[in-house]
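So this one's coords.cif, mmCIF, C-alpha atoms and all ligand atoms:
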```
data_entry
#
loop_
_atom_site.label_atom_id
_atom_site.label_comp_id
_atom_site.auth_asym_id
_atom_site.auth_seq_id
_atom_site.Cartn_x
_atom_site.Cartn_y
_atom_site.Cartn_z
CA MET A 13 22.92 4.90 -8.41
CA SER A 14 20.39 7.20 -10.15
CA ALA A 15 17.89 9.57 -8.50
CA PRO A 16 17.63 9.24 -4.71
CA ILE A 17 14.76 7.08 -3.51
CA PRO A 18 12.62 9.06 -1.08
CA ALA A 19 12.62 7.73 2.48
CA ARG A 20 9.49 5.79 3.36
CA PRO A 21 8.01 6.56 6.74
CA VAL A 22 7.94 4.07 9.58
CA ASN A 23 4.20 3.32 9.76
CA SER A 24 4.24 1.93 13.23
CA ARG A 25 6.52 0.39 15.83
CA LEU A 26 3.80 -1.99 17.02
CA LEU A 27 5.56 -5.04 15.58
CA SER A 28 9.08 -5.32 14.29
CA VAL A 29 11.54 -8.03 13.38
CA ALA A 30 14.85 -7.72 15.19
CA PRO A 31 18.12 -7.05 13.39
CA MET A 32 19.97 -10.38 13.31
CA MET A 33 23.40 -10.75 11.78
CA ALA A 34 23.71 -13.55 9.23
CA TRP A 35 19.93 -14.11 9.52
CA THR A 36 17.99 -11.00 8.46
CA ASP A 37 19.67 -10.60 5.10
CA ARG A 38 17.71 -9.31 2.13
CA HIS A 39 16.26 -12.71 1.17
CA CYS A 40 15.02 -13.23 4.70
CA ARG A 41 13.48 -9.77 4.78
CA TYR A 42 11.72 -10.32 1.46
CA PHE A 43 10.15 -13.43 2.99
CA HIS A 44 9.28 -11.66 6.26
CA ARG A 45 7.59 -8.87 4.38
CA ARG A 46 5.28 -11.43 2.78
CA LEU A 47 4.61 -13.08 6.12
CA ALA A 48 3.86 -9.83 7.90
CA PRO A 49 2.96 -6.97 5.52
CA PRO A 50 2.80 -4.23 8.21
CA ALA A 51 5.81 -5.25 10.33
CA LEU A 52 8.85 -3.00 10.54
CA LEU A 53 11.96 -4.82 9.31
CA HIS A 54 15.59 -4.24 10.21
CA THR A 55 18.80 -4.97 8.35
CA GLU A 56 21.55 -6.89 10.07
CA MET A 57 23.93 -4.60 11.92
CA ILE A 58 26.30 -3.02 9.43
CA VAL A 59 29.42 -1.43 10.81
CA ALA A 60 29.52 2.26 9.86
CA ARG A 61 33.13 2.02 8.77
CA ALA A 62 32.28 -0.76 6.29
CA ILE A 63 29.82 1.61 4.60
CA VAL A 64 32.22 4.53 4.59
CA TYR A 65 35.13 2.53 3.17
CA GLY A 66 33.36 -0.41 1.54
CA ARG A 67 31.00 -1.39 -1.22
CA VAL A 68 27.96 0.70 -0.40
CA GLU A 69 25.66 -0.78 -3.03
CA ARG A 70 26.44 -4.35 -2.00
CA LEU A 71 25.86 -3.52 1.68
CA LEU A 72 22.73 -1.42 1.41
CA ALA A 73 20.79 -2.45 -1.70
CA HIS A 74 17.43 -4.07 -1.04
CA ASP A 75 14.14 -4.82 -2.71
CA PRO A 76 11.64 -1.94 -2.44
CA SER A 77 9.06 -4.33 -1.00
CA GLU A 78 11.20 -4.74 2.13
CA GLN A 79 10.16 -1.23 3.18
CA PRO A 80 9.49 0.04 5.76
CA LEU A 81 13.04 -1.03 6.54
CA VAL A 82 15.40 0.33 9.17
CA LEU A 83 19.17 0.24 8.68
CA GLN A 84 21.00 -0.76 11.84
CA LEU A 85 24.46 0.72 12.23
CA GLY A 86 27.28 -0.27 14.52
CA GLY A 87 29.84 2.32 15.50
CA SER A 88 30.84 4.86 18.09
CA ASP A 89 32.55 7.57 16.08
CA PRO A 90 29.98 10.33 15.47
CA GLU A 91 31.72 11.48 12.29
CA GLU A 92 31.86 8.00 10.82
CA LEU A 93 28.23 7.32 11.72
CA HIS A 94 27.25 10.63 10.15
CA GLN A 95 29.03 9.73 6.92
CA ALA A 96 27.54 6.22 6.84
CA ALA A 97 24.02 7.57 7.40
CA ARG A 98 24.52 10.14 4.62
CA LEU A 99 25.67 7.46 2.20
CA ALA A 100 22.55 5.47 3.12
CA VAL A 101 20.12 8.33 2.35
CA PRO A 102 19.72 7.50 -1.38
CA PHE A 103 18.58 4.00 -0.43
CA GLY A 104 15.43 5.35 1.19
CA PHE A 105 15.56 3.65 4.58
CA ALA A 106 12.64 4.40 6.87
CA GLY A 107 14.99 4.83 9.79
CA ILE A 108 18.49 4.42 11.16
CA ASP A 109 19.04 2.46 14.35
CA LEU A 110 22.19 2.58 16.44
CA ASN A 111 23.29 -0.72 17.98
CA VAL A 112 24.02 -0.33 21.69
CA GLY A 113 23.30 -3.96 22.55
CA CYS A 114 25.80 -6.18 20.76
CA PRO A 115 27.92 -7.99 23.36
CA SER A 116 30.41 -9.63 20.97
CA PRO A 117 34.13 -9.27 21.76
CA ARG A 118 34.59 -7.82 18.27
CA ALA A 119 32.10 -5.03 19.00
CA SER A 120 33.45 -4.35 22.49
CA GLY A 121 37.02 -4.42 21.11
CA GLY A 122 36.01 -1.81 18.54
CA GLY A 123 34.35 0.31 21.25
CA PHE A 124 30.77 -0.10 20.01
CA GLY A 125 27.70 -2.20 20.78
CA ALA A 126 26.64 -2.89 24.37
CA CYS A 127 29.81 -1.43 25.93
CA LEU A 128 28.52 2.02 24.87
CA MET A 129 25.93 1.79 27.66
CA ARG A 130 28.75 2.99 29.90
CA ASP A 131 29.17 6.16 27.86
CA PRO A 132 25.83 7.97 27.49
CA GLY A 133 27.60 11.20 26.52
CA ARG A 134 29.20 9.60 23.49
CA VAL A 135 25.97 7.85 22.49
CA ALA A 136 24.19 11.21 22.67
CA GLU A 137 26.83 12.66 20.30
CA CYS A 138 26.30 9.74 17.94
CA VAL A 139 22.53 10.30 17.99
CA ARG A 140 22.98 13.99 17.16
CA ALA A 141 25.34 13.11 14.31
CA LEU A 142 22.82 10.66 12.87
CA ILE A 143 19.91 13.07 13.15
CA GLU A 144 21.92 15.71 11.29
CA ALA A 145 22.74 13.24 8.53
CA VAL A 146 19.27 12.12 7.54
CA PRO A 147 16.32 13.93 5.99
CA PRO A 148 13.49 14.99 8.31
CA GLY A 149 11.07 12.11 8.68
CA THR A 150 13.78 9.45 8.77
CA GLU A 151 13.54 8.17 12.30
CA VAL A 152 16.73 7.76 14.33
CA SER A 153 16.32 5.05 16.95
CA LEU A 154 18.50 3.09 19.30
CA LYS A 155 18.54 -0.51 20.51
CA CYS A 156 20.09 -1.21 23.88
CA ARG A 157 20.15 -3.54 26.87
CA LEU A 158 19.14 -2.90 30.49
CA GLY A 159 22.81 -2.31 31.21
CA VAL A 160 26.14 -4.09 31.17
CA ASP A 161 28.02 -6.01 33.85
CA GLU A 162 27.79 -4.31 37.25
CA GLN A 163 25.69 -1.35 36.06
CA ASP A 164 22.61 -0.41 38.08
CA THR A 165 19.64 -1.15 35.84
CA GLU A 166 17.57 1.56 37.56
CA ARG A 167 19.78 4.61 38.00
CA ASP A 168 22.28 3.99 35.18
CA LEU A 169 19.59 3.08 32.66
CA ASP A 170 17.55 6.19 33.50
CA ARG A 171 20.67 8.31 33.10
CA PHE A 172 21.43 6.69 29.75
CA VAL A 173 17.91 7.19 28.43
CA SER A 174 17.78 10.83 29.60
CA ALA A 175 21.00 11.48 27.66
CA ILE A 176 19.80 9.99 24.40
CA ALA A 177 16.36 11.56 24.70
CA GLY A 178 18.08 14.91 25.29
CA ALA A 179 19.99 14.37 22.03
CA GLY A 180 16.75 13.94 20.11
CA CYS A 181 16.27 10.16 19.98
CA ARG A 182 12.54 9.44 20.20
CA VAL A 183 12.46 5.67 19.73
CA LEU A 184 14.17 3.10 21.89
CA THR A 185 14.11 -0.69 21.71
CA VAL A 186 15.20 -2.41 24.89
CA HIS A 187 16.41 -6.00 24.93
CA ALA A 188 15.17 -6.61 28.45
CA ARG A 189 18.28 -8.16 29.95
CA LYS A 190 21.78 -7.06 30.79
CA ALA A 191 24.76 -7.93 28.62
CA LEU A 192 27.61 -9.54 30.52
CA LEU A 193 30.69 -8.54 28.61
CA GLY A 194 33.32 -10.47 30.55
CA GLY A 195 32.90 -14.13 29.73
CA LEU A 196 29.56 -14.86 28.06
CA ASP A 197 29.55 -15.36 24.31
CA PRO A 198 26.86 -13.58 22.22
CA ALA A 199 24.54 -16.62 22.15
CA ALA A 200 24.71 -17.04 25.93
CA ASN A 201 24.19 -13.31 26.28
CA ARG A 202 20.79 -13.81 24.65
CA LYS A 203 19.82 -16.50 27.17
CA VAL A 204 21.62 -16.36 30.47
CA PRO A 205 21.11 -12.87 31.93
CA PRO A 206 17.52 -12.87 33.25
CA LEU A 207 14.77 -11.02 31.41
CA ASP A 208 13.09 -8.16 33.25
CA TYR A 209 10.10 -6.86 31.30
CA GLU A 210 8.84 -4.91 34.30
CA ARG A 211 11.93 -2.70 34.14
CA VAL A 212 11.09 -1.79 30.54
CA PHE A 213 7.49 -1.05 31.53
CA ARG A 214 8.76 1.30 34.26
CA LEU A 215 11.03 2.97 31.71
CA LYS A 216 7.99 3.73 29.54
CA ALA A 217 6.21 5.14 32.60
CA SER A 218 9.22 7.38 33.37
CA PHE A 219 9.66 8.52 29.75
CA PRO A 220 6.08 8.56 28.42
CA LYS A 221 6.98 10.69 25.38
CA LEU A 222 9.48 8.15 24.09
CA THR A 223 8.32 5.31 21.89
CA ILE A 224 9.50 2.27 23.81
CA VAL A 225 9.70 -1.14 22.16
CA LEU A 226 10.18 -4.32 24.19
CA ASN A 227 12.50 -7.08 22.94
CA GLY A 228 13.76 -10.38 24.31
CA GLY A 229 12.23 -13.83 24.66
CA LEU A 230 8.82 -12.94 23.20
CA ASN A 231 7.44 -16.11 21.64
CA ARG A 232 3.79 -16.39 22.72
CA ARG A 233 0.87 -14.29 21.55
CA GLU A 234 -0.61 -13.78 25.04
CA GLN A 235 2.77 -12.57 26.29
CA VAL A 236 2.97 -10.07 23.43
CA GLU A 237 -0.57 -8.83 24.01
CA ALA A 238 0.12 -8.41 27.73
CA ALA A 239 3.32 -6.44 27.00
CA LEU A 240 1.49 -4.13 24.61
CA ARG A 241 -0.56 -2.84 27.52
CA HIS A 242 2.63 -1.20 28.83
CA VAL A 243 4.84 -0.38 25.86
CA ASP A 244 4.40 0.96 22.34
CA GLY A 245 5.60 -2.06 20.46
CA VAL A 246 7.33 -5.39 20.46
CA MET A 247 10.38 -6.58 18.53
CA ILE A 248 10.63 -10.29 17.81
CA GLY A 249 13.94 -11.95 16.94
CA ARG A 250 14.52 -15.68 17.10
CA ALA A 251 10.86 -16.67 17.20
CA ALA A 252 10.16 -14.76 13.95
CA TYR A 253 13.04 -16.54 12.24
CA GLN A 254 12.52 -20.00 13.66
CA ARG A 255 8.70 -20.06 13.60
CA PRO A 256 7.78 -17.87 10.63
CA TRP A 257 4.15 -18.97 10.46
CA TRP A 258 3.60 -18.22 14.13
CA PHE A 259 5.03 -14.77 13.43
CA SER A 260 2.70 -14.26 10.48
CA ARG A 261 -0.30 -15.24 12.62
CA LEU A 262 0.86 -12.87 15.33
CA SER A 263 1.08 -10.04 12.83
CA ALA A 264 -2.42 -10.87 11.54
CA ALA A 265 -3.80 -10.83 15.09
CA LEU A 266 -2.20 -7.45 15.85
CA HIS A 267 -3.33 -5.89 12.55
CA PRO A 268 -6.74 -7.48 11.87
CA TRP A 269 -7.59 -4.80 9.29
CA ILE A 270 -4.58 -5.60 7.06
CA PRO A 271 -4.70 -8.62 4.71
CA HIS A 272 -2.24 -11.37 5.59
CA PRO A 273 -1.37 -14.62 3.83
CA GLN A 274 -3.88 -17.34 4.56
CA ASP A 275 -1.89 -20.40 3.65
CA ARG A 276 1.77 -21.24 3.75
CA ILE A 277 2.05 -23.20 0.54
CA SER A 278 0.62 -20.37 -1.58
CA LEU A 279 2.86 -17.95 0.27
CA LEU A 280 5.93 -19.97 -0.68
CA ARG A 281 4.81 -20.37 -4.28
CA SER A 282 4.32 -16.61 -4.51
CA MET A 283 8.10 -16.33 -4.01
CA ARG A 284 8.89 -18.21 -7.23
CA THR A 285 9.45 -15.20 -9.51
CA TYR A 286 11.67 -13.55 -6.93
CA VAL A 287 13.71 -16.72 -6.45
CA GLU A 288 14.17 -17.29 -10.18
CA GLU A 289 15.23 -13.69 -10.75
CA GLN A 290 17.75 -13.92 -7.93
CA LEU A 291 19.12 -17.23 -9.26
CA GLU A 292 19.65 -15.55 -12.62
CA ARG A 293 21.65 -12.87 -10.89
CA GLY A 294 23.88 -15.54 -9.40
CA GLU A 295 22.40 -15.69 -5.88
CA ARG A 296 22.39 -19.14 -4.27
CA LEU A 297 19.18 -21.05 -3.59
CA SER A 298 20.62 -22.33 -0.30
CA GLU A 299 20.87 -18.74 0.98
CA MET A 300 17.34 -17.89 -0.07
CA VAL A 301 15.58 -20.89 1.45
CA ARG A 302 17.26 -20.91 4.88
CA PRO A 303 14.65 -18.61 6.44
CA TRP A 304 11.91 -21.00 5.22
CA PHE A 305 13.14 -24.04 7.15
CA GLY A 306 10.78 -23.52 10.09
CA LEU A 307 7.71 -22.72 8.00
CA PHE A 308 6.06 -26.12 8.48
CA GLN A 309 7.55 -26.86 11.88
CA ALA A 310 5.41 -29.33 13.85
CA GLU A 311 3.25 -30.07 10.78
CA PRO A 312 3.10 -33.60 9.33
CA GLY A 313 6.00 -33.88 6.87
CA GLY A 314 7.55 -30.62 8.13
CA ARG A 315 10.87 -32.22 9.04
CA ARG A 316 11.15 -33.96 5.71
CA PHE A 317 10.29 -30.67 3.94
CA ARG A 318 13.14 -29.01 5.78
CA ARG A 319 15.61 -31.80 5.03
CA LEU A 320 14.76 -32.00 1.32
CA LEU A 321 14.95 -28.23 1.00
CA SER A 322 18.24 -27.94 2.83
CA GLU A 323 19.94 -30.84 1.02
CA GLY A 324 18.46 -30.05 -2.40
CA ALA A 325 19.28 -26.35 -2.31
CA ARG A 326 22.96 -27.04 -1.71
CA LYS A 327 23.40 -28.42 -5.23
CA THR A 328 24.83 -25.79 -7.55
CA THR A 329 22.22 -26.49 -10.23
CA ALA A 330 19.26 -26.34 -7.80
CA GLY A 331 16.26 -24.37 -9.02
CA TRP A 332 12.58 -23.95 -8.16
CA GLU A 333 11.89 -27.67 -8.70
CA THR A 334 13.82 -28.29 -5.44
CA VAL A 335 11.19 -26.28 -3.58
CA GLU A 336 8.33 -28.16 -5.25
CA ARG A 337 9.95 -31.49 -4.36
CA ALA A 338 10.24 -30.42 -0.74
CA LEU A 339 6.59 -29.30 -0.71
CA GLU A 340 5.57 -32.78 -1.87
CA ALA A 341 6.88 -34.14 1.43
CA LEU A 342 4.08 -32.43 3.33
CA THR A 343 0.99 -34.32 4.33
CA LEU A 344 -1.99 -32.21 3.32
CA PRO A 345 -4.00 -30.38 4.46
CA ILE A 346 -1.72 -28.09 6.43
CA ALA A 347 -3.44 -26.13 9.19
CA ALA A 348 -3.95 -22.42 8.50
C1 LIG B 401 21.69 -14.75 15.02
C2 LIG B 401 21.45 -13.45 15.75
C3 LIG B 401 22.08 -12.30 15.30
C4 LIG B 401 21.84 -11.08 15.95
N1 LIG B 401 22.38 -9.93 15.43
C5 LIG B 401 22.02 -8.73 15.97
C6 LIG B 401 22.37 -7.51 15.33
O1 LIG B 401 22.99 -7.48 14.26
N2 LIG B 401 21.99 -6.35 15.93
C7 LIG B 401 21.27 -6.33 17.11
O2 LIG B 401 20.93 -5.26 17.61
N3 LIG B 401 20.91 -7.47 17.70
C8 LIG B 401 21.24 -8.66 17.16
N4 LIG B 401 20.78 -9.81 17.71
C9 LIG B 401 19.92 -9.73 18.92
C10 LIG B 401 18.45 -9.64 18.49
O3 LIG B 401 18.21 -8.46 17.75
C11 LIG B 401 17.54 -9.65 19.75
O4 LIG B 401 17.83 -8.52 20.52
C12 LIG B 401 17.74 -10.89 20.59
O5 LIG B 401 17.79 -12.07 19.80
C13 LIG B 401 16.61 -11.02 21.62
O6 LIG B 401 15.36 -11.10 21.00
P1 LIG B 401 14.59 -12.52 20.80
O7 LIG B 401 14.59 -13.19 22.15
O8 LIG B 401 13.24 -12.17 20.31
O9 LIG B 401 15.42 -13.32 19.83
C14 LIG B 401 21.01 -11.03 17.10
C15 LIG B 401 20.38 -12.21 17.54
C16 LIG B 401 20.60 -13.40 16.87
C17 LIG B 401 19.87 -14.65 17.35
#
```
Would you mind giving the structure from this file in structure tokens?
Amino acid sequence: MSAPIPARPVNSRLLSVAPMMAWTDRHCRYFHRRLAPPALLHTEMIVARAIVYGRVERLLAHDPSEQPLVLQLGGSDPEELHQAARLAVPFGFAGIDLNVGCPSPRASGGGFGACLMRDPGRVAECVRALIEAVPPGTEVSLKCRLGVDEQDTERDLDRFVSAIAGAGCRVLTVHARKALLGGLDPAANRKVPPLDYERVFRLKASFPKLTIVLNGGLNRREQVEAALRHVDGVMIGRAAYQRPWWFSRLSAALHPWIPHPQDRISLLRSMRTYVEEQLERGERLSEMVRPWFGLFQAEPGGRRFRRLLSEGARKTTAGWETVERALEALTLPIAA
């Protein structure tokens, strides 16, 4: 890599797209940036060790238009996290986020993710190590749950947040449910433990200087607007991926002074140059179009669009004409 790219500041935490493994890859983020120009985007969680011992460029490279973009790291060894964050500096991320919410057996087995909620002291060390690794202005944040298993979501969560705030973390995203580590798989852990937004609102009241972002189950505009009366921002995961146009409209409503795309077909066509460049580099069309599947959900012809796109893009020779053929399935006009 040549000269370091300067870090771009996080403009705002008002609206962000959640880190989602196997979903928020660079093609997805390129699309999300077009849908929601001011939203803060996150990479998928990348395990710190993979950066330290792996192919850094392959793991961290991204298109400049994805910025402001936060790199989410998984790990629990302060030294390893420090090294990973240092290696990431030349890529100009707007922030580094530590994952303290992943309930997968792989994460728990490796001693990171949600199980770290039991060890605020270690998380505080990790936060300090990350802050030391990045240039001033690169925000170090943390994403956690309300607690794990039998933890007390009042006392234990307050203790946890005091520890990380004491270590210098100023931004916290809370997935507003517990993670149950013994028995529930990751998908169930995003559905079964009940959501408790009020607890996150009380956290903001107890730690008014922290930037607190609410996450979990947000999929209606009124719900988001109501939450924003209590917290500094919202993070949207599945609804942003599955209903991209709803997400774009939400972003437009929250940032009325920033231009947003007005129609979905033009938005898709504006991706053509990007797609063709990526195809030339050997990327697969099927990987690029997956985040578009829900774009015309509930619109006449939307299901056929999705089917044609998904089947057509699987062919090894598939190019932009596959997208145009899928667009022909739509019954016009499509609502804005
Ligand atoms: C497919 C998928 C992958 C996920 N991967 C991550 C991840 O890498 N890091 C993380 O902190 N959370 C991850 N999550 C959790 C989301 O960031 C978010 O906390 C969760 O989906 C709840 O928000 P939502 O109800 O808006 O989807 C993932 C969620 C999904 C659906």
**OP:** Pick out the residues no farther than 6 Å from ligand LIG 401 (chain B), counting all atoms listed in the file, and list them as a list in words.
**Re:** Ala30, Pro31, Met32, Met33, Trp35, Glu56, Met57, Asn111, Gly113, Cys114, His187, Arg202, Asn227, Gly228, Gly229, Leu230, Ile248, Gly249, Arg250 and Ala251 of chain A
Output C-alpha atoms of each residue in that selection to a file, as an mmCIF file, in the frame of the given file.
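Output below, filename again-v4.cif:
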```cif
data_model
loop_
_atom_site.group_PDB
_atom_site.id
_atom_site.type_symbol
_atom_site.label_atom_id
_atom_site.label_comp_id
_atom_site.auth_asym_id
_atom_site.auth_seq_id
_atom_site.Cartn_x
_atom_site.Cartn_y
_atom_site.Cartn_z
ATOM 1 C CA ALA A 30 14.850 -7.720 15.190
ATOM 2 C CA PRO A 31 18.120 -7.050 13.390
ATOM 3 C CA MET A 32 19.970 -10.380 13.310
ATOM 4 C CA MET A 33 23.400 -10.750 11.780
ATOM 5 C CA TRP A 35 19.930 -14.110 9.520
ATOM 6 C CA GLU A 56 21.550 -6.890 10.070
ATOM 7 C CA MET A 57 23.930 -4.600 11.920
ATOM 8 C CA ASN A 111 23.290 -0.720 17.980
ATOM 9 C CA GLY A 113 23.300 -3.960 22.550
ATOM 10 C CA CYS A 114 25.800 -6.180 20.760
ATOM 11 C CA HIS A 187 16.410 -6.000 24.930
ATOM 12 C CA ARG A 202 20.790 -13.810 24.650
ATOM 13 C CA ASN A 227 12.500 -7.080 22.940
ATOM 14 C CA GLY A 228 13.760 -10.380 24.310
ATOM 15 C CA GLY A 229 12.230 -13.830 24.660
ATOM 16 C CA LEU A 230 8.820 -12.940 23.200
ATOM 17 C CA ILE A 248 10.630 -10.290 17.810
ATOM 18 C CA GLY A 249 13.940 -11.950 16.940
ATOM 19 C CA ARG A 250 14.520 -15.680 17.100
ATOM 20 C CA ALA A 251 10.860 -16.670 17.200
#
```
**OP:** Anything within 12 Å of (9.3, -31.2, -3.8): list those residues as JSON, numbers by chain, counting all atoms listed in the file and sticking to the file's coordinates.
**Re:** {"A": [277, 281, 313, 316, 317, 318, 319, 320, 321, 322, 323, 324, 325, 330, 331, 332, 333, 334, 335, 336, 337, 338, 339, 340, 341, 342]}
Quick one: everything within 12 Å of region 269-271 of chain A, counting only C-alpha atoms, minus sequence neighbours fewer than 3 positions away in the same chain. Send it as a CSV table (one decimal) with C-alpha atoms, in the frame of the given file.
```csv
chain,number,residue,atom,x,y,z
A,46,ARG,CA,5.3,-11.4,2.8
A,47,LEU,CA,4.6,-13.1,6.1
A,48,ALA,CA,3.9,-9.8,7.9
A,49,PRO,CA,3.0,-7.0,5.5
A,50,PRO,CA,2.8,-4.2,8.2
A,51,ALA,CA,5.8,-5.2,10.3
A,260,SER,CA,2.7,-14.3,10.5
A,261,ARG,CA,-0.3,-15.2,12.6
A,263,SER,CA,1.1,-10.0,12.8
A,264,ALA,CA,-2.4,-10.9,11.5
A,265,ALA,CA,-3.8,-10.8,15.1
A,266,LEU,CA,-2.2,-7.4,15.8
A,274,GLN,CA,-3.9,-17.3,4.6
```
Region 191-296 of chain A near region 122-137 of chain A within 12 Å: what's each residue's closest atom pair and its distance in Å to one decimal, counting only C-alpha atoms, ordered by chain then ascending residue number, as JSON lines?
```
{"residue": "A:Ala191", "atom": "CA", "partner": "A:Ala126", "partner_atom": "CA", "distance": 6.9}
{"residue": "A:Leu192", "atom": "CA", "partner": "A:Ala126", "partner_atom": "CA", "distance": 9.1}
{"residue": "A:Leu193", "atom": "CA", "partner": "A:Cys127", "partner_atom": "CA", "distance": 7.6}
{"residue": "A:Gly194", "atom": "CA", "partner": "A:Cys127", "partner_atom": "CA", "distance": 10.7}
{"residue": "A:Pro198", "atom": "CA", "partner": "A:Ala126", "partner_atom": "CA", "distance": 10.9}
{"residue": "A:Asn201", "atom": "CA", "partner": "A:Ala126", "partner_atom": "CA", "distance": 10.9}
```
Subject >> Surrounding residues of Ala217 (chain A) excluding itself and chain neighbours under 4 positions, 9 Å, all atoms listed in the file, as number ranges by chain >> reply: A: 212-213, 242-243
**OP:** With a distance cut-off of 12 Å and all atoms listed in the file, select the neighbouring residues of Glu299 (chain A), excluding the residue or stretch itself and same-chain residues fewer than 2 positions from it, and output the selection as a PyMOL selection string.
**Re:** chain A and resi 34-40+287+290-291+294-297+301-305+321-322+325-328+330
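Proximity to Lys221 (chain A) was assessed for A:Ala188, A:Val204, A:Val173, A:Met300 counting all atoms listed in the file; the smallest distance is recorded for A:Val173.
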**OP:** Name the residues in contact with Leu196 (chain A) at a cut-off of 10 Å, using only C-alpha atoms, excluding same-chain residues fewer than 6 positions from it; report them as JSON, numbers by chain.
**Re:** {"A": [115, 116, 117, 202, 203, 204, 205]}
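Distance annotation: of A:Arg70, A:Arg167, A:Leu142, A:Ile58, the residue with the minimal separation from Ala97 (chain A) is A:Leu142; atom set is only C-alpha atoms.
The space between CA of Val246 (chain A) and CA of Leu52 (chain A) spans 10.3 Å.
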Subject >> Length of the CA of Phe259 (chain A) to CA of Ala119 (chain A) vector [Å] >> reply: 29.3 Å
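The gap separating CA of Ser120 (chain A) from CA of Ile108 (chain A) is 20.7 Å, in Å to one decimal.
The smallest atom-to-atom distance between Asp75 (chain A) and any of A:Ile143, A:Ser88, A:Phe105, A:Thr150, using only C-alpha atoms, is found for A:Phe105.
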Original post:
Pick the closest to Ser77 (chain A) from A:Val160, A:Tyr286, A:Arg214, A:Asp197: which is it, counting only C-alpha atoms?
Top reply: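 Using only C-alpha atoms, Ser77 (chain A) sits closest to A:Tyr286.
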Original post:
Using all atoms listed in the file, can you list as JSON, numbers by chain the residues within 7 Å of (28.5, 6.0, 7.1)?
Top reply: {"A": [60, 61, 63, 64, 92, 93, 94, 95, 96, 97, 98, 99]}
**OP:** Give the answer as one residue: which of A:Ala73, A:Ala177, A:Leu226, A:Ala310 has the shortest atom-to-atom distance to Val101 (chain A), using only C-alpha atoms?
**Re:**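 Comparing A:Ala73, A:Ala177, A:Leu226, A:Ala310 against Val101 (chain A), the winner is A:Ala73.
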Original post:
Using all atoms listed in the file, which of the listed residues (A:Gln309, A:Thr343, A:Thr223, A:Thr165) sits closest to Leu207 (chain A)?
Top reply: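 Of the candidates, the smallest distance to Leu207 (chain A) is held by A:Thr165.
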Original post:
Near region 152-157 of chain A, within 6 Å and counting all atoms listed in the file, which residues show up once chain neighbours fewer than 3 positions away are dropped, as a ChimeraX atom specification?
Top reply: /A:107-113,181,183-187,189-190
